[in-house]
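Novice: If you scroll down you'll find the structure; I have some questions about it.
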Amino acid sequence: MKLLDNVISDRGSKYSVSGGPVTSRAEVDAFLKDLKKNKKFAKATHNTWAVLLPDGPLKADDGEAGAGNVILRMLEREGVENHVIVVTRWFGGKHLGGDRFRHVAEAVRLYLADA
């Protein structure tokens, strides 16, 4: 598992991004379970993720409507397959509006650049 912690901070909200190789939905679930063993991530407001698998794309917004789709489109553009990327957000008390999508995209960019 690769983890970039506290990559973005805006109006109290904090973002981290993590990821790793997977080949099935069961491995995605195991990855998320492993991530959430860390109490900090288990208590996060959102753990949004996406992956391109041979069976097709999978994504989950975890309450951050549309964020999984942002991650999925970036994976498709970069041709990254069999690798789940999770963007974690801790809500800071102020709504970010459309900026939240910009932050999700930036977190994924930082993750891919660090690969």
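Residues in the structure tokens are numbered from 1 in each chain, the chains being A, B, ... in the order shown, and ligands are numbered from 1 in the order shown.
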Set the distance at 8 Å and use only C-alpha atoms: which residues neighbour range 107-115 of chain A once local chain neighbours fewer than 5 positions away are removed? I'd like the list as a PyMOL selection string.

Specialist: chain A and resi 4+7-8+15-18+71+74+85+87

Novice: Report as a PyMOL selection string: the residues of chain A with a DSSP assignment of alpha helix (DSSP H), based on the backbone of this structure.

Specialist: chain A and resi 25-35+39-42+67-78+99-113

Novice: Do you have the CA of Ala30 in chain A-CA of Val84 in chain A distance handy?

Specialist: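 A separation of 11.2 Å between them.
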
Novice: For Leu35 in chain A, which residue out of A:Thr88, A:Pro54, A:Gly66, A:His83 is the nearest one, using only C-alpha atoms?

Specialist: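 That would be A:Thr88, the residue with the smallest distance to Leu35 in chain A.
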
Novice: List as JSON, numbers by chain the protein and nucleic acid residues near range 36-53 of chain A, meaning an atom at most 7 Å away when only C-alpha atoms are counted, but skip any in the same chain fewer than 4 places from it.

Specialist: {"A": [23, 24, 32, 57, 58, 59, 60, 61, 62, 63, 64, 67, 68, 71, 72, 81, 82, 83, 84, 85, 86, 87, 88, 89, 90, 91]}

Novice: Could those selected residues go to a file with C-alpha atoms, as a PDB file, in the first residue's frame?

Specialist:
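Result saved to out25.pdb:
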```pdb
ATOM      1  CA  THR A  23      -7.156  -7.767  -9.445  1.00  0.00           C
ATOM      2  CA  SER A  24     -10.709  -8.237  -8.122  1.00  0.00           C
ATOM      3  CA  LEU A  32     -10.208  -0.843   2.111  1.00  0.00           C
ATOM      4  CA  PRO A  57     -14.600  -0.268 -13.793  1.00  0.00           C
ATOM      5  CA  LEU A  58     -15.665  -0.018 -10.152  1.00  0.00           C
ATOM      6  CA  LYS A  59     -16.065   3.081  -7.999  1.00  0.00           C
ATOM      7  CA  ALA A  60     -17.605   4.270  -4.752  1.00  0.00           C
ATOM      8  CA  ASP A  61     -18.329   7.820  -3.622  1.00  0.00           C
ATOM      9  CA  ASP A  62     -18.717   7.031   0.104  1.00  0.00           C
ATOM     10  CA  GLY A  63     -21.006  10.043   0.503  1.00  0.00           C
ATOM     11  CA  GLU A  64     -18.883  12.424  -1.623  1.00  0.00           C
ATOM     12  CA  ALA A  67     -15.885  11.911  -6.482  1.00  0.00           C
ATOM     13  CA  GLY A  68     -15.493   8.243  -7.471  1.00  0.00           C
ATOM     14  CA  ILE A  71     -10.932   9.189  -9.857  1.00  0.00           C
ATOM     15  CA  LEU A  72     -12.242   6.706 -12.440  1.00  0.00           C
ATOM     16  CA  GLU A  81      -5.468  -0.759 -14.581  1.00  0.00           C
ATOM     17  CA  ASN A  82      -5.629  -3.186 -11.645  1.00  0.00           C
ATOM     18  CA  HIS A  83      -4.679  -0.423  -9.191  1.00  0.00           C
ATOM     19  CA  VAL A  84      -7.162   1.013  -6.701  1.00  0.00           C
ATOM     20  CA  ILE A  85      -6.822   4.661  -5.697  1.00  0.00           C
ATOM     21  CA  VAL A  86      -8.554   5.905  -2.543  1.00  0.00           C
ATOM     22  CA  VAL A  87      -8.948   9.618  -1.779  1.00  0.00           C
ATOM     23  CA  THR A  88      -9.742  10.158   1.886  1.00  0.00           C
ATOM     24  CA  ARG A  89     -11.309  13.365   3.214  1.00  0.00           C
ATOM     25  CA  TRP A  90     -11.811  14.531   6.750  1.00  0.00           C
ATOM     26  CA  PHE A  91     -14.544  17.194   6.702  1.00  0.00           C
TER      27      PHE A  91
END
```

Novice: Between A:Phe101, A:Met1, A:Arg73, A:Val80, single out the one closest to Val28 in chain A, counting only C-alpha atoms.

Specialist: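 Among the listed residues, the smallest separation from Val28 in chain A belongs to A:Met1.
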
Novice: List every residue of range 18-95 of chain A that DSSP, applied to the backbone, labels as strand (DSSP E), and write the result as a list in words.

Specialist: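 Reading the DSSP output for range 18-95 of chain A, strand (DSSP E) covers Ser18, Gly19, Gly20, Pro21, His46, Asn47, Thr48, Trp49, Ala50, Val51, Leu52, Leu53, Gly56, Pro57, Leu58, Lys59, Ala60, His83, Val84, Ile85, Val86, Val87, Thr88, Arg89 and Trp90 of chain A.
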
Novice: For each of A:Arg77, A:Val70, A:Arg11, A:Pro21, take the minimum atom-to-atom distance to Glu106 in chain A, counting only C-alpha atoms, then give the residue where this is smallest.

Specialist: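 Of the candidates, the smallest distance to Glu106 in chain A is held by A:Val70.
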
Novice: Within 9 Å of Leu96 in chain A, counting only C-alpha atoms, which residues show up once you throw out same-chain ones fewer than 3 positions away? Write them as a count of residues only, please.

Specialist: 5

Novice: Quick one: pull the distance between CA of Gly20 in chain A and CA of Leu75 in chain A, Å, one decimal.

Specialist: 12.9 Å
